[in-house]
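Q: Provided below: run_12.txt, containing compact mmCIF, C-alpha atoms (C1' of nucleotides).
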```txt
# COMPACT_ATOMS: atom_id res chain seq x y z
CA MET Q 1 0.00 0.00 0.00
CA PHE Q 2 1.20 3.52 -0.80
CA ALA Q 3 0.42 6.89 0.72
CA LEU Q 4 1.05 10.27 -0.83
CA VAL Q 5 1.39 13.24 1.48
CA ASP Q 6 1.03 16.62 -0.22
CA CYS Q 7 1.21 20.02 1.45
CA ASN Q 8 -1.80 22.21 0.69
CA ASN Q 9 -0.97 25.39 -1.28
CA PHE Q 10 2.57 24.96 0.01
CA TYR Q 11 4.29 28.31 -0.69
CA ALA Q 12 1.20 30.28 0.31
CA SER Q 13 0.86 28.19 3.48
CA CYS Q 14 4.51 28.87 4.40
CA GLU Q 15 3.84 32.61 4.18
CA GLU Q 16 0.64 32.32 6.22
CA VAL Q 17 2.41 30.49 9.04
CA PHE Q 18 4.47 33.61 9.78
CA ASN Q 19 1.82 36.15 8.85
CA PRO Q 20 -1.67 34.79 9.59
CA ALA Q 21 -3.24 38.08 8.49
CA LEU Q 22 -2.51 36.97 4.92
CA GLU Q 23 -5.28 34.38 5.22
CA LYS Q 24 -7.94 37.08 4.86
CA THR Q 25 -7.06 37.98 1.26
CA PRO Q 26 -6.42 35.81 -1.79
CA LEU Q 27 -2.63 35.34 -1.79
CA VAL Q 28 -0.40 34.59 -4.77
CA ILE Q 29 3.36 34.00 -4.97
CA SER Q 30 5.20 35.35 -7.99
CA SER Q 31 8.18 33.85 -9.80
CA ASN Q 32 11.77 35.00 -9.79
CA ASN Q 33 11.34 38.15 -11.85
CA ASP Q 34 7.92 38.78 -10.33
CA GLY Q 35 6.93 37.62 -13.81
CA CYS Q 36 4.24 35.02 -13.32
CA ILE Q 37 2.16 33.29 -10.66
CA ILE Q 38 3.73 30.10 -9.30
CA ALA Q 39 1.55 29.45 -6.24
CA ARG Q 40 -1.86 30.43 -4.93
CA SER Q 41 -3.68 30.22 -1.62
CA LYS Q 42 -7.05 28.48 -1.39
CA LYS Q 43 -8.85 31.81 -1.70
CA ALA Q 44 -6.77 32.78 -4.74
CA LYS Q 45 -7.66 29.48 -6.44
CA GLU Q 46 -11.32 30.05 -5.66
CA ILE Q 47 -11.42 33.37 -7.50
CA GLY Q 48 -10.00 31.69 -10.60
CA ILE Q 49 -6.35 32.74 -10.65
CA LYS Q 50 -4.48 30.20 -12.76
CA MET Q 51 -1.08 28.62 -12.20
CA GLY Q 52 1.47 30.27 -14.51
CA ASP Q 53 -0.64 33.34 -15.26
CA PRO Q 54 1.50 36.40 -16.02
CA ALA Q 55 1.63 38.60 -12.92
CA PHE Q 56 0.76 41.81 -14.79
CA LEU Q 57 -2.78 40.50 -15.37
CA TYR Q 58 -3.49 41.08 -11.68
CA LYS Q 59 -1.50 44.27 -11.15
CA GLU Q 60 -4.53 46.50 -10.73
CA ARG Q 61 -6.31 44.20 -8.33
CA VAL Q 62 -3.13 43.91 -6.28
CA GLU Q 63 -2.93 47.71 -6.11
CA ARG Q 64 -6.57 47.90 -5.03
CA GLY Q 65 -5.79 45.43 -2.22
CA GLU Q 66 -8.12 42.71 -3.53
CA ILE Q 67 -5.24 40.32 -4.05
CA ARG Q 68 -2.00 40.07 -2.10
CA MET Q 69 1.14 39.24 -4.09
CA LEU Q 70 4.47 38.18 -2.57
CA SER Q 71 7.74 37.44 -4.36
CA SER Q 72 8.93 33.88 -3.92
CA ASN Q 73 11.13 33.21 -0.89
CA PHE Q 74 12.72 29.84 -1.63
CA THR Q 75 15.03 29.97 1.36
CA LEU Q 76 11.96 29.96 3.60
CA TYR Q 77 10.09 27.30 1.59
CA ALA Q 78 13.07 24.95 1.52
CA ASP Q 79 13.50 25.17 5.28
CA MET Q 80 9.78 24.68 5.94
CA SER Q 81 9.88 21.68 3.61
CA ARG Q 82 12.76 20.21 5.61
CA ARG Q 83 10.72 20.58 8.81
CA VAL Q 84 7.64 18.90 7.32
CA MET Q 85 9.72 16.01 5.92
CA GLN Q 86 11.47 15.47 9.25
CA THR Q 87 8.13 15.26 11.00
CA LEU Q 88 6.81 12.79 8.43
CA GLU Q 89 9.95 10.67 8.60
CA SER Q 90 9.59 10.18 12.35
CA PHE Q 91 6.32 8.36 11.66
CA ALA Q 92 7.18 6.19 8.67
CA PRO Q 93 10.76 5.28 7.82
CA ARG Q 94 10.09 4.02 4.26
CA MET Q 95 9.61 7.42 2.74
CA GLU Q 96 10.59 9.00 -0.55
CA ILE Q 97 10.72 12.78 -0.82
CA TYR Q 98 9.19 13.40 -4.22
CA SER Q 99 9.22 17.19 -4.40
CA ILE Q 100 9.51 20.22 -2.16
CA ASP Q 101 5.97 19.61 -0.87
CA GLU Q 102 5.28 15.90 -1.46
CA ALA Q 103 6.39 12.54 -0.08
CA PHE Q 104 5.41 8.93 -0.77
CA PHE Q 105 5.27 6.21 1.90
CA GLU Q 106 5.18 2.46 1.59
CA LEU Q 107 2.76 1.09 4.21
CA GLU Q 108 2.12 -2.31 5.73
CA GLU Q 109 -1.21 -3.88 4.77
CA GLN Q 110 -3.70 -3.18 7.54
CA PRO Q 111 -7.42 -2.62 7.97
CA ASP Q 112 -8.76 0.48 6.19
CA LYS Q 113 -10.02 1.92 9.45
CA ARG Q 114 -6.58 1.81 11.01
CA LEU Q 115 -4.96 3.33 7.94
CA ARG Q 116 -7.40 6.21 8.08
CA GLU Q 117 -6.85 6.79 11.80
CA GLU Q 118 -3.09 6.87 11.40
CA ALA Q 119 -3.32 9.28 8.49
CA ILE Q 120 -5.58 11.64 10.44
CA ASN Q 121 -3.17 11.48 13.37
CA LEU Q 122 -0.17 12.26 11.16
CA ARG Q 123 -2.00 15.17 9.61
CA GLN Q 124 -2.68 16.72 13.00
CA LYS Q 125 0.94 16.31 14.11
CA VAL Q 126 2.33 18.00 10.99
CA LYS Q 127 -0.10 20.89 11.39
CA LYS Q 128 0.78 21.29 15.06
CA TRP Q 129 4.55 20.96 14.70
CA THR Q 130 5.09 22.97 11.50
CA GLY Q 131 1.89 24.97 10.89
CA ILE Q 132 1.53 23.46 7.41
CA PRO Q 133 -1.76 21.75 6.39
CA ILE Q 134 -1.36 18.52 4.42
CA SER Q 135 -3.58 16.07 2.51
CA ILE Q 136 -3.06 12.32 2.43
CA GLY Q 137 -4.12 9.86 -0.29
CA ILE Q 138 -3.78 6.09 0.09
CA GLY Q 139 -3.98 3.36 -2.57
CA PRO Q 140 -2.40 0.14 -3.84
CA THR Q 141 -0.05 1.96 -6.26
CA LYS Q 142 1.61 5.37 -6.34
CA THR Q 143 -0.61 6.53 -9.21
CA ILE Q 144 -3.79 5.57 -7.33
CA ALA Q 145 -2.46 7.21 -4.16
CA LYS Q 146 -2.00 10.38 -6.22
CA THR Q 147 -5.60 10.18 -7.41
CA ALA Q 148 -6.77 9.59 -3.83
CA ASN Q 149 -4.81 12.64 -2.73
CA LYS Q 150 -6.54 14.86 -5.30
CA LEU Q 151 -9.83 13.56 -4.02
CA ALA Q 152 -8.85 14.39 -0.43
CA LYS Q 153 -8.11 17.97 -1.46
CA LYS Q 154 -11.33 18.34 -3.40
CA GLN Q 155 -13.66 17.02 -0.72
CA ALA Q 156 -13.13 18.93 2.49
CA ASP Q 157 -15.60 16.74 4.39
CA MET Q 158 -13.18 13.81 4.23
CA GLY Q 159 -10.88 15.61 6.63
CA GLY Q 160 -7.91 15.77 4.29
CA VAL Q 161 -7.54 11.98 4.07
CA SER Q 162 -8.80 9.76 1.28
CA LEU Q 163 -8.48 6.01 0.66
CA LEU Q 164 -8.95 4.23 -2.67
CA ILE Q 165 -8.46 0.60 -1.77
CA SER Q 166 -11.11 -1.79 -3.12
CA LYS Q 167 -11.56 -2.53 -6.82
CA THR Q 168 -15.02 -0.93 -6.82
CA GLN Q 169 -13.84 2.21 -5.00
CA ILE Q 170 -11.07 2.65 -7.55
CA ARG Q 171 -13.29 1.89 -10.53
CA THR Q 172 -15.98 4.35 -9.41
CA GLN Q 173 -13.39 7.09 -9.01
CA LEU Q 174 -11.70 6.45 -12.37
CA GLU Q 175 -15.07 6.72 -14.10
CA LYS Q 176 -15.29 10.28 -12.77
CA THR Q 177 -11.68 11.17 -13.65
CA ALA Q 178 -10.48 12.67 -16.94
CA PRO Q 179 -7.19 11.23 -18.27
CA ASP Q 180 -5.27 14.49 -17.86
CA GLU Q 181 -6.07 14.49 -14.13
CA ILE Q 182 -4.02 11.31 -13.82
CA TRP Q 183 -0.39 11.56 -12.68
CA GLY Q 184 1.76 10.87 -15.75
CA ILE Q 185 -0.77 11.94 -18.38
CA GLY Q 186 -0.42 15.52 -19.47
CA HIS Q 187 -2.03 17.75 -21.99
CA ALA Q 188 -0.49 16.22 -25.12
CA LEU Q 189 -1.33 12.61 -24.29
CA ALA Q 190 -4.85 13.58 -23.18
CA GLU Q 191 -5.41 15.14 -26.61
CA ARG Q 192 -4.21 11.95 -28.27
CA LEU Q 193 -6.67 9.96 -26.15
CA LYS Q 194 -9.56 12.30 -26.97
CA SER Q 195 -8.92 11.83 -30.66
CA LYS Q 196 -9.51 8.11 -30.07
CA GLY Q 197 -12.71 8.77 -28.12
CA ILE Q 198 -11.25 8.18 -24.65
CA TYR Q 199 -12.55 10.69 -22.12
CA THR Q 200 -12.22 8.96 -18.74
CA ALA Q 201 -9.52 7.04 -16.90
CA ALA Q 202 -11.88 4.06 -16.66
CA GLN Q 203 -12.17 3.92 -20.46
CA LEU Q 204 -8.38 4.11 -20.67
CA ILE Q 205 -7.68 1.11 -18.43
CA ASP Q 206 -10.17 -0.99 -20.47
CA CYS Q 207 -8.12 -0.50 -23.64
CA ASP Q 208 -5.99 -3.16 -25.24
CA ASP Q 209 -2.34 -3.29 -23.99
CA SER Q 210 -0.64 -2.97 -27.37
CA PHE Q 211 -2.96 -0.11 -28.33
CA ILE Q 212 -1.97 1.81 -25.17
CA GLN Q 213 1.72 1.15 -25.63
CA LYS Q 214 1.62 2.38 -29.18
CA LEU Q 215 -0.42 5.48 -28.38
CA LEU Q 216 1.20 6.54 -25.08
CA GLY Q 217 4.64 4.90 -25.16
CA THR Q 218 6.29 3.03 -22.30
CA PRO Q 219 5.75 5.66 -19.57
CA GLY Q 220 2.05 5.93 -20.41
CA TYR Q 221 1.67 2.16 -20.41
CA ARG Q 222 3.19 1.99 -16.92
CA THR Q 223 0.70 4.57 -15.73
CA VAL Q 224 -2.17 2.41 -17.01
CA LEU Q 225 -0.77 -0.69 -15.29
CA GLU Q 226 -0.59 1.30 -12.07
CA LEU Q 227 -4.21 2.41 -12.47
CA ARG Q 228 -5.17 -1.26 -12.89
CA GLY Q 229 -3.49 -1.96 -9.54
CA THR Q 230 -0.11 -3.35 -10.64
CA PRO Q 231 2.71 -1.35 -8.98
CA CYS Q 232 5.39 -0.22 -11.44
CA PHE Q 233 7.01 2.36 -9.17
CA SER Q 234 8.33 1.70 -5.68
CA CYS Q 235 9.68 3.99 -2.97
CA SER Q 236 13.34 4.69 -3.57
CA GLY Q 237 14.12 5.38 0.09
CA GLU Q 238 17.57 7.00 -0.02
CA ALA Q 239 17.67 10.45 -1.52
CA GLU Q 240 19.24 9.94 -4.94
CA LYS Q 241 21.85 12.20 -6.44
CA ARG Q 242 20.84 14.55 -9.21
CA LYS Q 243 21.67 13.47 -12.75
CA SER Q 244 21.79 17.01 -14.03
CA ILE Q 245 21.95 20.45 -12.45
CA VAL Q 246 20.54 23.57 -14.08
CA CYS Q 247 20.93 27.18 -13.13
CA SER Q 248 19.08 29.70 -15.30
CA ARG Q 249 17.35 33.05 -14.99
CA SER Q 250 15.29 35.49 -16.97
CA PHE Q 251 16.69 39.01 -16.96
CA LYS Q 252 14.86 42.09 -15.82
CA GLN Q 253 15.88 43.91 -19.00
CA PRO Q 254 17.02 42.16 -22.18
CA ILE Q 255 20.83 42.02 -22.44
CA SER Q 256 22.77 42.74 -25.62
CA ASN Q 257 26.11 43.42 -24.01
CA ALA Q 258 28.53 40.47 -24.14
CA LEU Q 259 30.20 41.40 -20.88
CA ASP Q 260 26.93 41.40 -18.93
CA LEU Q 261 26.05 38.05 -20.45
CA GLU Q 262 29.45 36.64 -19.49
CA MET Q 263 29.04 37.75 -15.91
CA ALA Q 264 25.56 36.26 -15.71
CA ILE Q 265 26.79 32.94 -17.13
CA ALA Q 266 29.74 32.95 -14.74
CA SER Q 267 27.45 33.38 -11.77
CA PHE Q 268 25.17 30.56 -13.00
CA VAL Q 269 28.18 28.28 -13.39
CA SER Q 270 29.29 29.17 -9.89
CA ARG Q 271 25.89 28.26 -8.41
CA ALA Q 272 25.60 25.03 -10.36
CA ALA Q 273 29.13 23.92 -9.49
CA GLU Q 274 28.44 24.55 -5.82
CA LYS Q 275 25.42 22.25 -5.98
CA LEU Q 276 27.55 19.71 -7.82
CA ARG Q 277 30.18 19.71 -5.05
CA GLN Q 278 27.46 19.45 -2.42
CA GLN Q 279 26.46 16.06 -3.79
CA LYS Q 280 30.13 15.10 -4.15
CA SER Q 281 30.01 14.69 -7.92
CA HIS Q 282 32.12 15.77 -10.87
CA ALA Q 283 30.57 16.66 -14.23
CA LYS Q 284 31.69 15.45 -17.65
CA PHE Q 285 29.67 18.04 -19.55
CA LEU Q 286 28.75 21.67 -19.26
CA SER Q 287 26.11 23.26 -21.51
CA VAL Q 288 25.54 26.97 -21.95
CA PHE Q 289 22.34 28.40 -23.39
CA ILE Q 290 21.07 31.88 -24.22
CA ALA Q 291 17.68 32.89 -25.60
CA THR Q 292 15.68 35.95 -26.59
CA SER Q 293 12.11 36.35 -25.35
CA PRO Q 294 9.75 33.72 -26.77
CA PHE Q 295 7.02 36.40 -26.84
CA THR Q 296 8.72 38.64 -29.38
CA GLN Q 297 9.93 37.86 -32.89
CA PRO Q 298 12.41 36.76 -34.00
CA TYR Q 299 12.89 34.17 -31.28
CA ASP Q 300 16.44 32.91 -31.09
CA SER Q 301 17.74 30.25 -28.74
CA ARG Q 302 21.19 28.71 -28.91
CA SER Q 303 23.16 26.34 -26.80
CA CYS Q 304 26.46 24.52 -26.84
CA ARG Q 305 27.87 21.57 -24.98
CA ILE Q 306 31.41 21.51 -23.64
CA ALA Q 307 33.42 18.52 -22.45
CA PRO Q 308 36.22 19.51 -20.06
CA PRO Q 309 39.35 17.34 -20.56
CA ASN Q 310 38.62 15.60 -17.27
CA SER Q 311 35.41 15.57 -15.27
CA THR Q 312 35.48 18.42 -12.78
CA ALA Q 313 33.70 20.51 -10.17
CA PHE Q 314 36.31 23.26 -10.17
CA THR Q 315 34.47 26.54 -10.69
CA PRO Q 316 37.28 28.60 -12.30
CA GLU Q 317 37.83 26.00 -15.02
CA LEU Q 318 34.11 25.69 -15.73
CA ILE Q 319 33.77 29.48 -15.90
CA ARG Q 320 36.69 29.75 -18.31
CA LEU Q 321 35.22 27.11 -20.64
CA ALA Q 322 31.75 28.61 -20.48
CA LYS Q 323 33.00 32.10 -21.35
CA GLU Q 324 35.07 30.78 -24.25
CA ARG Q 325 32.14 29.01 -25.86
CA LEU Q 326 29.60 31.71 -25.05
CA ARG Q 327 31.47 33.93 -27.52
CA GLN Q 328 30.68 31.43 -30.27
CA ILE Q 329 26.92 31.37 -29.82
CA TYR Q 330 26.43 35.00 -28.90
CA ARG Q 331 25.05 37.39 -31.56
CA PRO Q 332 25.60 41.06 -30.67
CA GLN Q 333 22.49 42.29 -32.51
CA LEU Q 334 20.12 40.21 -30.34
CA ALA Q 335 18.51 41.13 -27.02
CA TYR Q 336 18.77 38.16 -24.69
CA LYS Q 337 16.06 37.68 -22.10
CA LYS Q 338 17.19 34.41 -20.56
CA ALA Q 339 20.38 32.43 -20.07
CA GLY Q 340 21.56 29.43 -18.15
CA VAL Q 341 23.94 26.55 -17.72
CA LEU Q 342 23.47 22.81 -17.36
CA LEU Q 343 25.90 20.35 -15.79
CA SER Q 344 25.39 16.71 -16.78
CA ASP Q 345 26.83 13.21 -16.91
CA PHE Q 346 28.17 13.00 -13.37
CA CYS Q 347 30.62 10.68 -11.71
CA ASP Q 348 31.67 10.36 -8.11
CA GLU Q 349 34.38 12.85 -7.15
CA LYS Q 350 36.48 9.99 -5.78
CA THR Q 351 36.16 7.52 -8.64
CA GLU Q 352 36.85 9.88 -11.48
CA GLN Q 353 37.66 8.25 -14.81
CA MET Q 354 40.91 9.65 -16.23
CA ASP Q 355 41.81 9.41 -19.86
CA TRP Q 356 45.18 8.05 -20.95
CA ILE Q 357 46.53 11.01 -22.75
CA THR Q 358 45.41 14.15 -20.96
CA PRO Q 359 47.48 14.71 -17.86
CA SER Q 360 45.43 14.74 -14.68
CA THR Q 361 44.29 18.19 -13.64
CA GLU Q 362 43.61 16.85 -10.18
CA ASN Q 363 45.22 19.12 -7.68
CA PRO Q 364 44.58 18.97 -3.94
CA LYS Q 365 44.92 22.73 -3.71
CA LYS Q 366 41.95 23.20 -6.04
CA ASN Q 367 39.77 20.98 -3.88
CA SER Q 368 40.62 22.72 -0.68
CA LEU Q 369 40.06 26.09 -2.31
CA MET Q 370 36.55 25.05 -3.37
CA GLN Q 371 35.82 23.56 0.04
CA THR Q 372 36.92 26.71 1.79
CA ILE Q 373 34.80 28.95 -0.41
CA ASP Q 374 31.75 26.71 0.06
CA GLN Q 375 32.22 26.72 3.82
CA ILE Q 376 32.49 30.48 4.03
CA ASN Q 377 29.39 30.96 1.87
CA ARG Q 378 27.41 28.44 3.90
CA ARG Q 379 28.42 30.00 7.17
CA TYR Q 380 28.01 33.67 6.35
CA ASP Q 381 25.97 34.52 3.30
CA LYS Q 382 25.43 33.05 -0.13
CA ASN Q 383 27.72 35.54 -1.83
CA ALA Q 384 30.20 36.26 0.93
CA VAL Q 385 32.95 35.12 -1.46
CA GLN Q 386 32.47 35.05 -5.20
CA PHE Q 387 34.53 34.93 -8.38
CA ALA Q 388 35.60 38.13 -10.07
CA ALA Q 389 34.16 36.87 -13.37
CA GLU Q 390 30.70 37.02 -11.85
CA GLY Q 391 31.01 40.78 -11.53
CA LEU Q 392 28.05 42.44 -9.86
CA VAL Q 393 25.18 40.80 -11.67
CA ASN Q 394 22.37 41.33 -9.24
CA HIS Q 395 21.10 44.37 -11.13
CA LEU Q 396 20.50 42.16 -14.18
CA MET Q 397 18.13 39.85 -12.34
CA GLY Q 398 14.67 40.36 -10.92
CA ALA Q 399 14.13 42.57 -7.92
CA GLN Q 400 12.14 40.15 -5.74
CA ALA Q 401 10.49 43.32 -4.54
CA GLN Q 402 7.85 41.83 -2.26
CA ALA Q 403 9.65 38.93 -0.59
CA SER Q 404 8.97 38.07 3.04
CA LEU Q 405 11.84 37.57 5.49
CA ARG Q 406 13.92 34.40 5.94
CA PHE Q 407 12.29 33.82 9.30
CA THR Q 408 13.83 30.43 10.03
CA THR Q 409 17.33 30.65 8.59
CA SER Q 410 18.70 34.12 9.29
CA TRP Q 411 19.32 35.60 12.75
CA ASN Q 412 18.70 39.08 11.41
CA GLU Q 413 15.29 38.19 10.05
CA LEU Q 414 13.61 36.43 12.96
CA LEU Q 415 9.91 37.04 13.34
CA LYS Q 416 9.31 39.93 15.74
CA VAL Q 417 6.32 39.65 18.06
CA THR Q 418 5.11 42.96 19.43
C1' DT W 1 5.35 47.63 -20.60
C1' DC W 2 4.95 43.12 -18.21
C1' DT W 3 5.08 35.79 -19.21
C1' DG W 4 9.71 30.97 -13.79
C1' DG W 5 12.99 27.55 -12.64
C1' DG W 6 14.46 22.86 -11.96
C1' DG W 7 14.12 18.16 -12.79
C1' DT W 8 13.24 12.93 -15.08
C1' DC W 9 12.62 9.53 -18.69
C1' DC W 10 11.92 7.88 -23.43
C1' DT W 11 12.29 7.79 -28.49
C1' DA W 12 13.45 8.60 -33.25
C1' DG W 13 16.88 9.33 -36.26
C1' DG W 14 21.62 9.99 -37.67
C1' DA W 15 26.30 8.39 -37.68
C1' DC W 16 28.98 4.80 -37.30
C1' DC W 17 30.49 -0.28 -37.06
C1' DC W 18 30.95 -5.17 -39.15
C1' DT G 1 20.36 -6.00 -64.13
C1' DC G 2 20.90 -6.70 -59.43
C1' DT G 3 22.43 -3.25 -53.99
C1' DG G 4 21.58 -6.76 -46.76
C1' DG G 5 21.08 -7.32 -42.21
C1' DG G 6 22.22 -6.48 -37.71
C1' DG G 7 24.07 -3.87 -34.33
C1' DT G 8 25.76 0.42 -30.96
C1' DC G 9 26.06 5.04 -29.46
C1' DC G 10 24.80 9.75 -29.27
C1' DT G 11 21.75 13.66 -29.40
C1' DA G 12 17.83 16.61 -29.79
C1' DG G 13 13.48 17.00 -28.72
C1' DG G 14 9.19 15.72 -26.69
C1' DA G 15 6.60 14.16 -22.98
C1' DC G 16 5.91 14.36 -18.18
C1' DC G 17 6.47 16.16 -13.12
C1' DC G 18 6.70 19.90 -9.24
```
Can I see the file as structure tokens?

A:
Amino acid sequence: MFALVDCNNFYASCEEVFNPALEKTPLVISSNNDGCIIARSKKAKEIGIKMGDPAFLYKERVERGEIRMLSSNFTLYADMSRRVMQTLESFAPRMEIYSIDEAFFELEEQPDKRLREEAINLRQKVKKWTGIPISIGIGPTKTIAKTANKLAKKQADMGGVSLLISKTQIRTQLEKTAPDEIWGIGHALAERLKSKGIYTAAQLIDCDDSFIQKLLGTPGYRTVLELRGTPCFSCSGEAEKRKSIVCSRSFKQPISNALDLEMAIASFVSRAAEKLRQQKSHAKFLSVFIATSPFTQPYDSRSCRIAPPNSTAFTPELIRLAKERLRQIYRPQLAYKKAGVLLSDFCDEKTEQMDWITPSTENPKKNSLMQTIDQINRRYDKNAVQFAAEGLVNHLMGAQAQASLRFTTSWNELLKVT
DNA sequence: TCTGGGGTCCTAGGACCC
DNA sequence: TCTGGGGTCCTAGGACCC
């Protein structure tokens, strides 16, 4: 049996924990550049604000005080997530953290009544210990647990807990569920299904196996098996290492100047490499990409992939390579709105594969330099020490004008009670 | 005027091999 | 005149997720 725990309106709930007055007004959280809406409170959802809507659509209503808008505060959300996950973990050891606000559990088979009681109990503890409301869905596979969770959120009278266990319970629910509401079936596949006359999840699971595989591919077929009650996904337990690391941003103003672009790329590389070292990996590839706005013509997006001679996590080398290749894809007449870097194809920092010809660039001094910089930045502030190539790029990025304080991670920003 | 950021997995097609 | 069959590896792009 699987359970899915999902925090309700997570970012909005984090803000409300430290400022309960926010609960009175519909609350939305805006993206990095204060560009679009990435989270909404219950009230904001009720008045029809959509996920991903551009923020300017609501500017007037925000000014009139009908809607409250805050810039995203990921430092706060990440720390609140850690607290919720720790609380959950103390109740069920076989847990997989699936996203910042979701976790799966593998449960022992037990009577439905007991499952429900335990879920209700867990829900109360998380609310009491962290202030965050959660919903819990339980079912024989992860995909059914996901469906149960949606049901729990929709129907308030079920107390935030929903079980889909028996064949008839599951069947009845799937008859009421459109394919694109199923975890693993998105917009494109739902359209494909519609064109074949399939409008409910129940119709989908009745289809012939080879038909499904051909129409939806292997991932879609697995989803259908899961809906029929055959588990295809288990709980991975240990937190797995990332297979790729991206750092990218949209700019406040489009950039045409090569130097500004270089500094931005250098700072993205620096961030990404720091994450890479955190998980004790080295990367074999570094990609750099730059793009103009997709909302104005002509749209231009270019990228290039670079293989350092040996896999590495040494920021200065990665910055040097990135800057070199950036020059080749950059076109001075264009106005770039977004840029980023991607690190990929990782190996363990200790078991690095050398090639026969290139001399090893391994140098203990480089490692200790990186370690020292990371330690200083962890201890003091993110940018206490940075590379000269990064310049002063903050003015290129979004303002984050309306962000709340880092209540739980910064001594200077503790909540004041008066 | 103004439209996010960070991930995973799979597949088709090209280049290459014998 | 007639022009095979079976592989591997890589990559870009598409699909999905939050």

Q: Give as a list in words every residue of chain Q that touches chain G within 9 Å, counting only C-alpha atoms (C1' of nucleotides).

A: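 Going by the stated atoms only, the list reads Tyr98, Ser99, Ile100, Asp101, Glu102, Trp183, Gly184, Ile185, Gly186, Ala188, Leu189 and Pro219 of chain Q.
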
Q: In Å to one decimal, how far is atom CA of Q:Leu286 from atom CA of Q:Ile265?

A: 11.6 Å

Q: Would you work out the distance separating atom CA of Q:Arg82 from atom CA of Q:Ala119, expressed in Å to one decimal?

A: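 Value for the atom CA of Q:Arg82-atom CA of Q:Ala119 distance: 19.7 Å.
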
Q: So that I can check the surroundings of Q:Lys59, please list as a list of chain:residue names every protein, DNA and RNA residue that reaches within 12 Å of it, counting all atoms listed in the file and ignoring chain neighbours fewer than 4 positions away.

A: Q:Val28, Q:Ser30, Q:Asp34, Q:Gly35, Q:Cys36, Q:Ile37, Q:Asp53, Q:Pro54, Q:Ala55, Q:Glu63, Q:Arg64, Q:Gly65, Q:Glu66, Q:Ile67, Q:Arg68, Q:Met69, W:DC2

Q: Limited to C-alpha atoms (C1' of nucleotides), could you put the picked residues into a file as a PDB file, in the frame of the given file?

A:
```pdb
ATOM      1  CA  VAL Q  28      -0.400  34.590  -4.770  1.00  0.00           C
ATOM      2  CA  SER Q  30       5.200  35.350  -7.990  1.00  0.00           C
ATOM      3  CA  ASP Q  34       7.920  38.780 -10.330  1.00  0.00           C
ATOM      4  CA  GLY Q  35       6.930  37.620 -13.810  1.00  0.00           C
ATOM      5  CA  CYS Q  36       4.240  35.020 -13.320  1.00  0.00           C
ATOM      6  CA  ILE Q  37       2.160  33.290 -10.660  1.00  0.00           C
ATOM      7  CA  ASP Q  53      -0.640  33.340 -15.260  1.00  0.00           C
ATOM      8  CA  PRO Q  54       1.500  36.400 -16.020  1.00  0.00           C
ATOM      9  CA  ALA Q  55       1.630  38.600 -12.920  1.00  0.00           C
ATOM     10  CA  GLU Q  63      -2.930  47.710  -6.110  1.00  0.00           C
ATOM     11  CA  ARG Q  64      -6.570  47.900  -5.030  1.00  0.00           C
ATOM     12  CA  GLY Q  65      -5.790  45.430  -2.220  1.00  0.00           C
ATOM     13  CA  GLU Q  66      -8.120  42.710  -3.530  1.00  0.00           C
ATOM     14  CA  ILE Q  67      -5.240  40.320  -4.050  1.00  0.00           C
ATOM     15  CA  ARG Q  68      -2.000  40.070  -2.100  1.00  0.00           C
ATOM     16  CA  MET Q  69       1.140  39.240  -4.090  1.00  0.00           C
TER      17      MET Q  69
ATOM     18  C1'  DC W   2       4.950  43.120 -18.210  1.00  0.00           C
TER      19       DC W   2
END
```

Q: Using the file's own x, y and z axes, so that the box edges lie along x, y and z, what centre and edge lengths in Å (one decimal) does a box around every listed atom of stretch 4-16 of chain W get when 3 Å is added on each side? Give it as AutoDock Vina command-line options.

A:
```
--center_x 19.3 --center_y 17.9 --center_z -24.8 --size_x 25.3 --size_y 32.2 --size_z 31.7
```

Q: Atom CA of Q:Glu106 to atom CA of Q:Glu238: how many Å, to one decimal?

A: 13.3 Å

Q: Near Q:Val385, counting all atoms listed in the file, which residues have an atom at most 9 Å away, once you skip same-chain residues fewer than 2 positions from it, shown as an mmCIF file with C-alpha atoms, in the frame of the given file?

A:
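Once everything was written out, this is part-v2.cif:
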```cif
data_model
loop_
_atom_site.group_PDB
_atom_site.id
_atom_site.type_symbol
_atom_site.label_atom_id
_atom_site.label_comp_id
_atom_site.auth_asym_id
_atom_site.auth_seq_id
_atom_site.Cartn_x
_atom_site.Cartn_y
_atom_site.Cartn_z
ATOM 1 C CA ILE Q 373 34.800 28.950 -0.410
ATOM 2 C CA ASP Q 374 31.750 26.710 0.060
ATOM 3 C CA ILE Q 376 32.490 30.480 4.030
ATOM 4 C CA ASN Q 377 29.390 30.960 1.870
ATOM 5 C CA ASP Q 381 25.970 34.520 3.300
ATOM 6 C CA LYS Q 382 25.430 33.050 -0.130
ATOM 7 C CA ASN Q 383 27.720 35.540 -1.830
ATOM 8 C CA PHE Q 387 34.530 34.930 -8.380
#
```
